[in-house]
Amino acid sequence: MDDKLIIKGIEFKSRLWVGTGKYKDFEETRRAIEASGTDVVTVAVRRVNIFDRKSENLLDYIDPKKYKILPNTAGCYTVEDALRYARLAREAGISDLIKLEVIGDEKTLFPDVCGLLRATEILAKEGFIVLPYTNDDPVMAQRLVDAGASAVMPLAAPIGSGLGIRNPYNIKIILEQAKVPVIVDAGVGTASDVAVAMELGCDAVLLNTAIAGAEDPIAMATAMKHAVIAGRLAYLAGRIPKKLYATASSPIEGML
Amino acid sequence: MRLKLNGDISEFKEGLTVAELLKELSIEPRGVAVEVNMAIIKKHEYGRHVLKDGDSIEIVNFVGGG
């Protein structure tokens, strides 16, 4: 079945996108990412360790030829910082892809959507492929698309919370309206959360903590891989409508 | 000359280029980005961008993140 995710001409093989934070070591990161079957990994931009040059580099474990590197602007609370990190990421990397975060609150890590909108507009004009991490707000999703976002990435729940999709109806509305791919980003906890997102019709799911924080990250990565495939197939297959009362599966005819 | 390098002040010899600085620090230019006084230096400019006393330099790379 030809069912590929394409954003701005870039073809993504996997509908599961995986973060590289919070793993025990680079080897565990590598194994989890391989088990997830993904071809997109997110990374953060941080200062090089000047004094310990023996410390290993993430890209020694995550081959950029095999995986699309999606840098984020995590930790940025202002438009200026987000722009700075995005531009540095483009210079350090090989593509125009940016997972844009402008955070508005330390405790919830909810986005500052006013800043996000401004940063999206500026970076899109500079030729970035902007994938903004946003609230599950259909109006804001629309505004971001109008500002030049190449996809929208509404949160399922707060980053790292594992609460799953808190507002599936909003996600459904975003999906109905969006003219760009919709990727649920952040807040999923386990495989069923991922399946729910995909069954709603989301184009992909981006997660990190749900795998990295699991007791067995490699097993959870495998579970997530199957959940995305199962959820997507169920969406494409078209589920039965929900009904309040029973409909017998066995015929009445021929009964004694 | 004194350079502020990733937030810390260090002494370096005069007339150092960005390329020479990276070499001295054993940093591969691939996979990093360099900013001098808040302006990004493109990789093809590393060899001819001469650093000055008091310059503030940031060298970043990719780390694990979500």
# chains A, B, ... in the order shown; residues from 1 in each chain; ligands from 1
>>> residues_around(residues="Phe62 (chain B)", least_positions_apart="6", cutoff="6 Å", atoms="only C-alpha atoms", output="list in words")
Val43, Ala44 and Val45 of chain A
>>> closest_atom_pairs(of="chain A", to="chain B", cutoff="6 Å", atoms="only C-alpha atoms", output="Markdown table")
| residue | atom | partner | partner_atom | distance |
| --- | --- | --- | --- | --- |
| A:Gly19 | CA | B:Gly66 | CA | 4.0 |
| A:Thr20 | CA | B:Gly64 | CA | 4.4 |
| A:Gly21 | CA | B:Gly65 | CA | 3.9 |
| A:Thr42 | CA | B:Gly66 | CA | 5.5 |
| A:Val43 | CA | B:Gly65 | CA | 4.5 |
| A:Ala44 | CA | B:Gly65 | CA | 4.7 |
| A:Val45 | CA | B:Phe62 | CA | 4.8 |
| A:Arg46 | CA | B:Val60 | CA | 5.2 |
| A:Arg47 | CA | B:Val60 | CA | 4.2 |
| A:Val48 | CA | B:Val60 | CA | 4.9 |
| A:Leu58 | CA | B:Val63 | CA | 6.0 |
| A:Leu88 | CA | B:Ala33 | CA | 5.7 |
| A:Glu91 | CA | B:Ala33 | CA | 5.5 |
| A:Ala92 | CA | B:Val32 | CA | 4.5 |
| A:Gly93 | CA | B:Gly31 | CA | 5.9 |
| A:Asn208 | CA | B:Gly66 | CA | 5.5 |
>>> residues_around(residues="Glu24 (chain B)", least_positions_apart="5", cutoff="12 Å", atoms="only C-alpha atoms", output="mmCIF file with N, CA, C and O atoms, in the first residue's frame")
data_model
loop_
_atom_site.group_PDB
_atom_site.id
_atom_site.type_symbol
_atom_site.label_atom_id
_atom_site.label_comp_id
_atom_site.auth_asym_id
_atom_site.auth_seq_id
_atom_site.Cartn_x
_atom_site.Cartn_y
_atom_site.Cartn_z
ATOM 1 N N ILE A 50 33.912 21.902 25.326
ATOM 2 C CA ILE A 50 35.226 22.348 24.843
ATOM 3 C C ILE A 50 36.360 21.571 25.509
ATOM 4 O O ILE A 50 37.359 21.239 24.889
ATOM 5 N N PHE A 51 36.178 21.297 26.784
ATOM 6 C CA PHE A 51 37.317 20.781 27.551
ATOM 7 C C PHE A 51 37.440 19.266 27.541
ATOM 8 O O PHE A 51 38.524 18.731 27.673
ATOM 9 N N ARG A 53 37.217 16.686 25.091
ATOM 10 C CA ARG A 53 37.070 16.356 23.671
ATOM 11 C C ARG A 53 36.960 14.853 23.427
ATOM 12 O O ARG A 53 36.756 14.417 22.313
ATOM 13 N N PHE B 12 44.262 33.086 23.799
ATOM 14 C CA PHE B 12 44.679 32.476 22.533
ATOM 15 C C PHE B 12 45.670 33.388 21.847
ATOM 16 O O PHE B 12 45.727 34.587 22.153
ATOM 17 N N LYS B 13 46.415 32.827 20.912
ATOM 18 C CA LYS B 13 47.388 33.659 20.196
ATOM 19 C C LYS B 13 46.660 34.590 19.207
ATOM 20 O O LYS B 13 45.558 34.267 18.722
ATOM 21 N N LEU B 16 44.215 34.385 15.173
ATOM 22 C CA LEU B 16 43.648 33.043 14.982
ATOM 23 C C LEU B 16 42.380 33.122 14.102
ATOM 24 O O LEU B 16 41.537 33.990 14.311
ATOM 25 N N THR B 17 42.261 32.213 13.160
ATOM 26 C CA THR B 17 41.013 32.144 12.390
ATOM 27 C C THR B 17 40.081 31.140 13.080
ATOM 28 O O THR B 17 40.513 30.372 13.952
ATOM 29 N N VAL B 18 38.826 31.142 12.654
ATOM 30 C CA VAL B 18 37.860 30.186 13.222
ATOM 31 C C VAL B 18 38.334 28.761 12.944
ATOM 32 O O VAL B 18 38.294 27.895 13.825
ATOM 33 N N ALA B 19 38.830 28.519 11.726
ATOM 34 C CA ALA B 19 39.316 27.182 11.366
ATOM 35 C C ALA B 19 40.455 26.749 12.289
ATOM 36 O O ALA B 19 40.496 25.602 12.758
ATOM 37 N N PRO B 29 34.788 20.431 12.127
ATOM 38 C CA PRO B 29 33.793 21.418 11.673
ATOM 39 C C PRO B 29 32.447 20.783 11.290
ATOM 40 O O PRO B 29 31.408 21.417 11.407
#
>>> residues_around(residues="Ala86 (chain A)", least_positions_apart="5", cutoff="10 Å", atoms="only C-alpha atoms", output="PyMOL selection string")
chain A and resi 45+71-73+80-81+91-92+96-101+119+123+128+130
>>> write_last_selection(atoms="C-alpha atoms", output="PDB file, in the first residue's frame")
ATOM      1  CA  VAL A  45      21.294  22.325  19.930  1.00  0.00           C
ATOM      2  CA  PRO A  71      16.673  19.820  15.368  1.00  0.00           C
ATOM      3  CA  ASN A  72      14.485  21.502  17.951  1.00  0.00           C
ATOM      4  CA  THR A  73      14.535  24.849  19.710  1.00  0.00           C
ATOM      5  CA  GLU A  80      14.807  35.813  19.551  1.00  0.00           C
ATOM      6  CA  ASP A  81      16.235  32.707  21.223  1.00  0.00           C
ATOM      7  CA  GLU A  91      24.207  25.786   9.992  1.00  0.00           C
ATOM      8  CA  ALA A  92      25.233  22.717  12.034  1.00  0.00           C
ATOM      9  CA  ASP A  96      16.005  23.271   6.607  1.00  0.00           C
ATOM     10  CA  LEU A  97      13.846  21.198   8.964  1.00  0.00           C
ATOM     11  CA  ILE A  98      13.168  22.734  12.347  1.00  0.00           C
ATOM     12  CA  LYS A  99      10.939  21.584  15.177  1.00  0.00           C
ATOM     13  CA  LEU A 100      10.027  25.001  16.484  1.00  0.00           C
ATOM     14  CA  GLU A 101       9.402  25.433  20.185  1.00  0.00           C
ATOM     15  CA  ALA A 119       8.858  32.828  14.940  1.00  0.00           C
ATOM     16  CA  LEU A 123      11.632  31.262   9.792  1.00  0.00           C
ATOM     17  CA  PHE A 128      12.966  26.856   6.900  1.00  0.00           C
ATOM     18  CA  VAL A 130       8.887  24.897  10.103  1.00  0.00           C
TER      19      VAL A 130
END
>>> closest_residue(among="A:Arg30, A:Val41, A:Ala141, A:Ile252", to="Asp60 (chain A)", atoms="only C-alpha atoms")
A:Arg30
>>> residues_around(residues="region 235-238 of chain A", least_positions_apart="2", cutoff="6 Å", atoms="only C-alpha atoms", output="list in words")
Glu199, Gly201, Arg232 and Leu233 of chain A
>>> select_by_dssp(residues="region 72-133 of chain A", states="alpha helix (DSSP H)", output="tab-separated table (two decimals) with N, CA and C atoms, in the first residue's frame")
chain	number	residue	atom	x	y	z
A	79	VAL	N	11.13	34.61	21.23
A	79	VAL	CA	11.22	34.50	19.77
A	79	VAL	C	12.69	34.60	19.34
A	80	GLU	N	13.41	35.56	19.93
A	80	GLU	CA	14.81	35.81	19.55
A	80	GLU	C	15.65	34.56	19.77
A	81	ASP	N	15.47	33.93	20.93
A	81	ASP	CA	16.23	32.71	21.22
A	81	ASP	C	15.87	31.59	20.25
A	82	ALA	N	14.60	31.44	19.98
A	82	ALA	CA	14.16	30.37	19.07
A	82	ALA	C	14.75	30.58	17.67
A	83	LEU	N	14.77	31.83	17.22
A	83	LEU	CA	15.35	32.13	15.90
A	83	LEU	C	16.84	31.82	15.90
A	84	ARG	N	17.51	32.21	16.99
A	84	ARG	CA	18.96	31.99	17.09
A	84	ARG	C	19.28	30.50	17.04
A	85	TYR	N	18.55	29.71	17.82
A	85	TYR	CA	18.80	28.26	17.86
A	85	TYR	C	18.47	27.62	16.50
A	86	ALA	N	17.40	28.08	15.89
A	86	ALA	CA	17.00	27.50	14.59
A	86	ALA	C	18.07	27.76	13.53
A	87	ARG	N	18.60	28.98	13.53
A	87	ARG	CA	19.62	29.34	12.54
A	87	ARG	C	20.91	28.57	12.79
A	88	LEU	N	21.27	28.41	14.06
A	88	LEU	CA	22.46	27.61	14.40
A	88	LEU	C	22.26	26.16	13.98
A	89	ALA	N	21.05	25.66	14.20
A	89	ALA	CA	20.75	24.26	13.85
A	89	ALA	C	20.91	24.04	12.35
A	90	ARG	N	20.43	25.00	11.58
A	90	ARG	CA	20.53	24.86	10.12
A	90	ARG	C	21.99	24.86	9.69
A	91	GLU	N	22.78	25.71	10.34
A	91	GLU	CA	24.21	25.79	9.99
A	91	GLU	C	24.94	24.50	10.40
A	92	ALA	N	24.56	23.94	11.55
A	92	ALA	CA	25.23	22.72	12.03
A	92	ALA	C	24.77	21.48	11.26
A	113	VAL	N	2.11	30.66	22.34
A	113	VAL	CA	1.63	30.62	20.95
A	113	VAL	C	1.80	31.95	20.21
A	114	CYS	N	1.81	33.06	20.95
A	114	CYS	CA	2.03	34.36	20.29
A	114	CYS	C	3.44	34.40	19.72
A	115	GLY	N	4.42	34.00	20.55
A	115	GLY	CA	5.81	33.95	20.10
A	115	GLY	C	6.01	32.92	19.01
A	116	LEU	N	5.34	31.80	19.16
A	116	LEU	CA	5.45	30.70	18.19
A	116	LEU	C	5.01	31.16	16.80
A	117	LEU	N	3.92	31.90	16.78
A	117	LEU	CA	3.37	32.38	15.51
A	117	LEU	C	4.35	33.33	14.82
A	118	ARG	N	4.93	34.24	15.62
A	118	ARG	CA	5.88	35.20	15.05
A	118	ARG	C	7.13	34.49	14.53
A	119	ALA	N	7.64	33.56	15.34
A	119	ALA	CA	8.86	32.83	14.94
A	119	ALA	C	8.60	31.98	13.70
A	120	THR	N	7.41	31.39	13.62
A	120	THR	CA	7.05	30.57	12.45
A	120	THR	C	7.09	31.41	11.18
A	121	GLU	N	6.49	32.59	11.26
A	121	GLU	CA	6.42	33.48	10.11
A	121	GLU	C	7.83	33.87	9.63
A	122	ILE	N	8.68	34.24	10.58
A	122	ILE	CA	10.04	34.69	10.23
A	122	ILE	C	10.84	33.54	9.62
A	123	LEU	N	10.81	32.39	10.27
A	123	LEU	CA	11.63	31.26	9.79
A	123	LEU	C	11.12	30.71	8.45
A	124	ALA	N	9.81	30.69	8.28
A	124	ALA	CA	9.26	30.21	7.00
A	124	ALA	C	9.74	31.12	5.86
A	125	LYS	N	9.79	32.42	6.13
A	125	LYS	CA	10.27	33.38	5.11
A	125	LYS	C	11.75	33.15	4.81
>>> closest_residue(among="A:Leu16, A:Met140, A:Ile171, A:Ile10", to="Ser95 (chain A)", atoms="only C-alpha atoms")
A:Ile10
>>> atom_distance(atom1="CA of Ile6 (chain A)", atom2="CA of Ser150 (chain A)")
10.2 Å
>>> select_by_dssp(residues="region 93-254 of chain A", states="strand (DSSP E)", output="NGL selection string")
:A and (97-100 or 129-134 or 153-154 or 183-185 or 204-207)
